[in-house]
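Structure record follows, encoded as structure tokens.
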Amino acid sequence: MATRTVRIGSSHGLHARPAKLFTQAAKDAGVPVTIAKGSGKPVNAASILGVIALAVEHGDYVTLSVDGEGAAAEGTLDTLSELLVTDHDEQ
Amino acid sequence: MTAFQGIGIGQGIAVGPVARMADPLPAPADVASTLDLATETERANTSLAAVARELEARGAAAGGAARDVLEAQAMMAEDPTLAEEIATRLADGKTAEWAVHAAFASFRDQLAAMGGYLGERAADLDDVSQRVIADLMGVPAPGVPSPGHPFILVARDLAPADTALLDLDLVLGLVTSDGGPTSHTAILAREKSIVAIVGVVGAAELTDGTTLVVDAAAGEVTVDPTPELIAATEQRIADRLALVNAPVVPGALADGTPVPLLANLGSAEHADAAAELGAEGVGLFRTEFLFLDQALAPTVEQQRAHYEKLLNAFPGQKVVVRVLDAGADKPLAFLNDAHEDNPALGLRGLRALRASEDILREQLTALAQADAATDADLWVMAPMVSTVEETKYFMAIAAEYGLKTPGVMVEVPSSALLADRVLAHAGFASIGTNDLTQYTLAADRLLGSVGAFQDPWHPAVLRLVQLVGEAGQHHGKPVGICGEAAADPLLAVVLVGLGATTLSMSPSALADVRHSLQQYTLDDARRIAAAALAADGAAEARAAATAATTPEMKEATSS
């Protein structure tokens with residue numbers, strides 16, 4: 001199990017468009033990924049309803065966990081972390 | 001040929017067949033399935049996938065911000081957590097309809113309980129749920145119909161999600177049974193220049209395919225019109241098209257008295273379109289959207305960038321920016337999260353800003369920076385000013401930031417009654433007729449049951465406007481109008497007759513108002529205004545003003 005904790009960069013938090021982009025990428029990863037807010041319960045990262053219901057705001061810390069090890073798992077974490085730290089509303 | 005009355009939005013007219021928006025589906029019954037588990041599961045999956053594909057297709061067609069909303073909805077339909085919830089219920093022997101309904105409802109309640117932005121997503125979820133259940137039941141999905149030809153949309157009321165997707169090439173007009181002149185539907189119709197009549201009591205009886213004439217100027221829907229009426233309507237549509245395509249000239253009366261016509265804007269995105277329609281500047285720039293849906297106030301830097309974009313669209317022209325107007329219908333968590341029984345009379349507008357003065361100071365800082373970097377003539381005004389003391393407060397704080405032309409909005413009767421004192425201090429006044437009407441008639445503008453009171457033609461409102469007009473003239477200070485009243489072509493003439501020096505409105509109303517002002521001299525306008533002022537009520541004032549516009553009246557009073 002590979003994990004990483006990142007800080008949310010989107011100024012509107014992980015709602016709306018950022019949530020859609022993130023869950024889409026998690027789904028496309030092809031391996032089970034979970035996301036947890038702070039020390040909360042992890043939810044399926046490919047579930048837009050689960051992700052939105054976390055009510056993640058700008059500046060919150062979330063932990064991603066990928067079911068796997070090695071370069072592939074780290075690559076998935078890189079892609080997803082990048083999405084989370086980017087401010088998608090800054091355009 | 002029967003006719004129904006309602007509240008017309010704008011001056012347009014349309015003719016075409018009805019397409020009704022399907023009413024929401026009743027919740028499915030919690031009954032045991034008569035099918036086996038595999039069949040029910042297959043039914044649910046097929047409908048969920050069909051709805052997801054349809055939402056994706058609609059998103060691709062809509063583009064822009066609507067596309068993101070629709071794609072997110074498509075993902076909700078195929079959400080793995082939702083699928084588990086549905087599977088659990090199917091395994092209990094429930095029907096696919098009930099399982100889908102109950103699974104969506106469990107998420108819906110969770111989101112609704114969170115309130116705010118997430119609470120609003122509950123409506124998105126309801127929409128997906130209804131679509132899936134409609135597909136399962138083999139009935140039309142609720143929402144905007146797509147009959148494949150131009151139509152007049154008839155609905156109870158429109159949700160924001162419906163309106164975002166309206167195909168304006170196909171929607172000839174809108175008729176709703178609910179909603180008042182300031183409802184979401186009415187605001188959208190004004191923004192997009194859609195011919196619309198809201199609050200039409202008989203609208204529920206209209207059936208698909210029936211031909212209607214929708215005359216917004218008269219507030220009248222005619223069912224099964226005669227060929228003569230259809231021909232006359234088509235002529236009026238052609239005449240209006242010519243009016244809209246007429247050359248754009250600065251707003252002025254028939255005698256040449258200039259009446260600058262300005263735009264009401266809620267975002268810098270629409271500034272260029274307004275300038276194209278002939279806006280000679282901006283009479284009301286609402287800054288709320290920068291703050292809505294935000295847990296924290298935007299930074300000075302974010303605000304400055306947006307204000308600069310706005311000011312750059314109007315070089316050398318006047319742009320009146322209203323500082324944050326929160327409270328009542330637009331609550332903001334970081335300004336005022338206390339529960340109020342009567343928010344329209346609560347801590348809102350300038351009152352809320354004074355209570356969080358750092359937010360006001362940041363906004364003024366950003367405005368002063370944007371002003372220094374651009375060539376527009378920036379004016380700044382405070383909302384909901386109700387005392388002379390508040391006026392002095394705002395003048396002083398705006399002066400600290402070097403803002404050249406600070407002024408106040410007159411929306412509360414106390415400010416209108418004391419306009420001579422208010423304008424002794426303020427650089428200008430801008431009358432917000434929507435709120436001024438709500439406070440003068442003591443009728444909540446968001447409440448349908450008292451919607452009939454929300455009419456700026458009421459002589460009580462007009463008399464207050466007159467007081468402000470006279471005070472402006474006395475002090476040599478400009479008096480603008482920035483409520484929807486200025487968008488009514490005849491009322492615009494009355495307002496000028498009462499002393500308004502500029503009119504600001506939705507850009508879509510500019511052509512009609514420009515044309516109307518050109519028909520009358522300043523003396524005409526004063527005479528028409530006097531007729532309205534002397535009336536007993538709003539309807540009588542409108543009738544008296546209309547009567548005073550006729551050529552016979554002109555001759556009778558000029559001889």
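In the structure tokens, each chain is lettered A, B, ... as it comes, each chain's residues begin at 1, and ligands are numbered from 1 in order of appearance.
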(request) Determine which residues of chain B sit within 12 Å of chain A, taking into account only C-alpha atoms, and present them as a VMD selection string. (result) chain B and resid 64 to 85 103 to 104 106 to 122 124 to 125 290 to 299 302 305 to 306
Non-local contacts of segment 412-422 of chain B (12 Å; only C-alpha atoms; under 6 positions in same chain excluded) as a PDB file with C-alpha atoms, in the first residue's frame:
ATOM      1  CA  ALA B 344     -34.214  41.936   4.717  1.00  0.00           C
ATOM      2  CA  LEU B 345     -34.341  44.160   7.801  1.00  0.00           C
ATOM      3  CA  GLY B 349     -25.438  45.831   2.909  1.00  0.00           C
ATOM      4  CA  PRO B 383     -25.571  49.462  -0.652  1.00  0.00           C
ATOM      5  CA  MET B 384     -28.460  49.722   1.839  1.00  0.00           C
ATOM      6  CA  VAL B 385     -27.549  53.119   3.245  1.00  0.00           C
ATOM      7  CA  SER B 386     -30.361  54.166   5.571  1.00  0.00           C
ATOM      8  CA  THR B 387     -29.023  57.191   7.468  1.00  0.00           C
ATOM      9  CA  VAL B 388     -27.041  60.383   6.880  1.00  0.00           C
ATOM     10  CA  GLU B 389     -24.533  59.118   9.420  1.00  0.00           C
ATOM     11  CA  GLU B 390     -23.907  55.995   7.294  1.00  0.00           C
ATOM     12  CA  THR B 391     -23.502  58.251   4.254  1.00  0.00           C
ATOM     13  CA  LYS B 392     -20.826  60.293   6.024  1.00  0.00           C
ATOM     14  CA  TYR B 393     -19.109  57.110   7.193  1.00  0.00           C
ATOM     15  CA  PHE B 394     -18.853  55.755   3.648  1.00  0.00           C
ATOM     16  CA  MET B 395     -17.694  59.090   2.176  1.00  0.00           C
ATOM     17  CA  PHE B 428     -24.172  60.912  -6.142  1.00  0.00           C
ATOM     18  CA  ALA B 429     -27.223  58.781  -5.486  1.00  0.00           C
ATOM     19  CA  SER B 430     -28.262  55.619  -7.285  1.00  0.00           C
ATOM     20  CA  ILE B 431     -31.801  54.420  -6.681  1.00  0.00           C
ATOM     21  CA  GLY B 432     -32.232  50.666  -6.383  1.00  0.00           C
ATOM     22  CA  THR B 433     -35.896  50.409  -7.285  1.00  0.00           C
ATOM     23  CA  ASN B 434     -36.299  46.707  -6.453  1.00  0.00           C
ATOM     24  CA  ASP B 435     -35.381  47.140  -2.801  1.00  0.00           C
ATOM     25  CA  LEU B 436     -36.949  50.606  -2.569  1.00  0.00           C
ATOM     26  CA  THR B 437     -40.248  49.044  -3.675  1.00  0.00           C
ATOM     27  CA  GLN B 438     -39.950  46.137  -1.236  1.00  0.00           C
ATOM     28  CA  TYR B 439     -39.265  48.445   1.700  1.00  0.00           C
ATOM     29  CA  THR B 440     -41.843  51.092   0.737  1.00  0.00           C
ATOM     30  CA  LEU B 441     -44.663  48.567   0.275  1.00  0.00           C
ATOM     31  CA  ALA B 442     -43.428  46.334   3.142  1.00  0.00           C
ATOM     32  CA  ALA B 460     -45.506  55.857  -3.281  1.00  0.00           C
ATOM     33  CA  VAL B 461     -42.260  54.653  -4.868  1.00  0.00           C
ATOM     34  CA  LEU B 462     -42.424  57.309  -7.583  1.00  0.00           C
ATOM     35  CA  ARG B 463     -42.853  60.054  -4.974  1.00  0.00           C
ATOM     36  CA  LEU B 464     -39.715  58.870  -3.194  1.00  0.00           C
ATOM     37  CA  VAL B 465     -37.853  58.885  -6.515  1.00  0.00           C
ATOM     38  CA  GLN B 466     -39.093  62.438  -7.040  1.00  0.00           C
ATOM     39  CA  LEU B 467     -37.656  63.514  -3.653  1.00  0.00           C
ATOM     40  CA  VAL B 468     -34.262  62.108  -4.619  1.00  0.00           C
ATOM     41  CA  GLY B 469     -34.481  63.728  -8.082  1.00  0.00           C
ATOM     42  CA  GLU B 470     -35.242  67.112  -6.572  1.00  0.00           C
ATOM     43  CA  ALA B 471     -32.441  66.790  -4.028  1.00  0.00           C
ATOM     44  CA  GLY B 472     -30.009  65.872  -6.816  1.00  0.00           C
ATOM     45  CA  GLN B 473     -31.014  68.919  -8.802  1.00  0.00           C
ATOM     46  CA  HIS B 474     -30.730  71.158  -5.722  1.00  0.00           C
ATOM     47  CA  HIS B 475     -27.214  69.981  -4.923  1.00  0.00           C
ATOM     48  CA  GLY B 476     -26.132  69.543  -8.540  1.00  0.00           C
ATOM     49  CA  LYS B 477     -25.452  65.836  -7.910  1.00  0.00           C
ATOM     50  CA  VAL B 479     -29.138  60.688  -9.562  1.00  0.00           C
TER      51      VAL B 479
END
(request) Enumerate the residues of segment 113-351 of chain B with a DSSP assignment of helix (DSSP H, G or I), computed from the backbone, and present them as a PyMOL selection string. (result) chain B and resi 113-114+116-137+160-164+184-192+201-205+227-244+268-276+288-290+300-312+343-345+349-351
(request) Enumerate the residues of segment 16-84 of chain A with a DSSP assignment of strand (DSSP E), computed from the backbone, and present them as a ChimeraX atom specification. (result) /A:33-37,43-44,61-66
Write a file of the selected residues as an mmCIF file, in the first residue's frame, keeping N, CA and C atoms.
data_model
loop_
_atom_site.group_PDB
_atom_site.id
_atom_site.type_symbol
_atom_site.label_atom_id
_atom_site.label_comp_id
_atom_site.auth_asym_id
_atom_site.auth_seq_id
_atom_site.Cartn_x
_atom_site.Cartn_y
_atom_site.Cartn_z
ATOM 1 N N VAL A 33 -8.134 3.235 -5.349
ATOM 2 C CA VAL A 33 -7.484 4.361 -4.662
ATOM 3 C C VAL A 33 -8.473 4.874 -3.632
ATOM 4 N N THR A 34 -7.962 5.223 -2.441
ATOM 5 C CA THR A 34 -8.847 5.847 -1.454
ATOM 6 C C THR A 34 -8.309 7.224 -1.099
ATOM 7 N N ILE A 35 -9.213 8.070 -0.600
ATOM 8 C CA ILE A 35 -8.830 9.398 -0.138
ATOM 9 C C ILE A 35 -9.475 9.609 1.227
ATOM 10 N N ALA A 36 -8.688 10.176 2.151
ATOM 11 C CA ALA A 36 -9.211 10.469 3.489
ATOM 12 C C ALA A 36 -8.883 11.904 3.830
ATOM 13 N N LYS A 37 -9.814 12.579 4.486
ATOM 14 C CA LYS A 37 -9.552 13.959 4.926
ATOM 15 C C LYS A 37 -9.007 13.910 6.342
ATOM 16 N N VAL A 43 -12.383 7.055 1.786
ATOM 17 C CA VAL A 43 -13.484 6.717 0.878
ATOM 18 C C VAL A 43 -12.899 6.399 -0.496
ATOM 19 N N ASN A 44 -13.683 5.717 -1.304
ATOM 20 C CA ASN A 44 -13.284 5.375 -2.672
ATOM 21 C C ASN A 44 -13.047 6.669 -3.470
ATOM 22 N N TYR A 61 -5.665 18.974 4.476
ATOM 23 C CA TYR A 61 -4.745 17.898 4.123
ATOM 24 C C TYR A 61 -5.537 16.624 3.865
ATOM 25 N N VAL A 62 -5.209 15.944 2.779
ATOM 26 C CA VAL A 62 -5.859 14.666 2.491
ATOM 27 C C VAL A 62 -4.786 13.604 2.263
ATOM 28 N N THR A 63 -5.135 12.364 2.556
ATOM 29 C CA THR A 63 -4.198 11.263 2.360
ATOM 30 C C THR A 63 -4.735 10.313 1.289
ATOM 31 N N LEU A 64 -3.897 10.080 0.283
ATOM 32 C CA LEU A 64 -4.246 9.162 -0.798
ATOM 33 C C LEU A 64 -3.587 7.820 -0.523
ATOM 34 N N SER A 65 -4.308 6.727 -0.779
ATOM 35 C CA SER A 65 -3.708 5.400 -0.657
ATOM 36 C C SER A 65 -3.992 4.610 -1.920
ATOM 37 N N VAL A 66 -2.940 4.035 -2.484
ATOM 38 C CA VAL A 66 -3.093 3.229 -3.692
ATOM 39 C C VAL A 66 -2.806 1.781 -3.337
#
(message) Using Å and a single decimal, report how far atom CA of Asp512 of chain B sits from atom CA of Leu490 of chain B.
(response)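 According to the coordinates, atom CA of Leu490 of chain B and atom CA of Asp512 of chain B are separated by 9.6 Å.
Neighbouring residues of Leu80 of chain A at 8 Å or closer, counting only C-alpha atoms and skipping chain neighbours under 6 positions away, are Phe22, Ala25 and Ala26 of chain A.
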What would the file look like if the residues just selected were written as a PDB file, in the first residue's frame with N, CA and C atoms?
ATOM      1  N   PHE A  22     -10.655  15.040 -10.355  1.00  0.00           N
ATOM      2  CA  PHE A  22      -9.937  14.114  -9.491  1.00  0.00           C
ATOM      3  C   PHE A  22     -10.539  12.707  -9.554  1.00  0.00           C
ATOM      4  N   ALA A  25      -9.779  10.936 -12.779  1.00  0.00           N
ATOM      5  CA  ALA A  25      -8.400  10.438 -12.831  1.00  0.00           C
ATOM      6  C   ALA A  25      -8.242   9.202 -11.954  1.00  0.00           C
ATOM      7  N   ALA A  26      -8.929   9.198 -10.787  1.00  0.00           N
ATOM      8  CA  ALA A  26      -8.836   8.056  -9.876  1.00  0.00           C
ATOM      9  C   ALA A  26      -9.447   6.813 -10.533  1.00  0.00           C
TER      10      ALA A  26
END
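Atom CA of Thr86 of chain A is positioned 5.1 Å from atom CA of Gly9 of chain A.
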(request) Quote the spacing between atom CA of Met21 of chain B and atom CA of Ala123 of chain B in Å to one decimal place. (result)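 The value is 16.8 Å.
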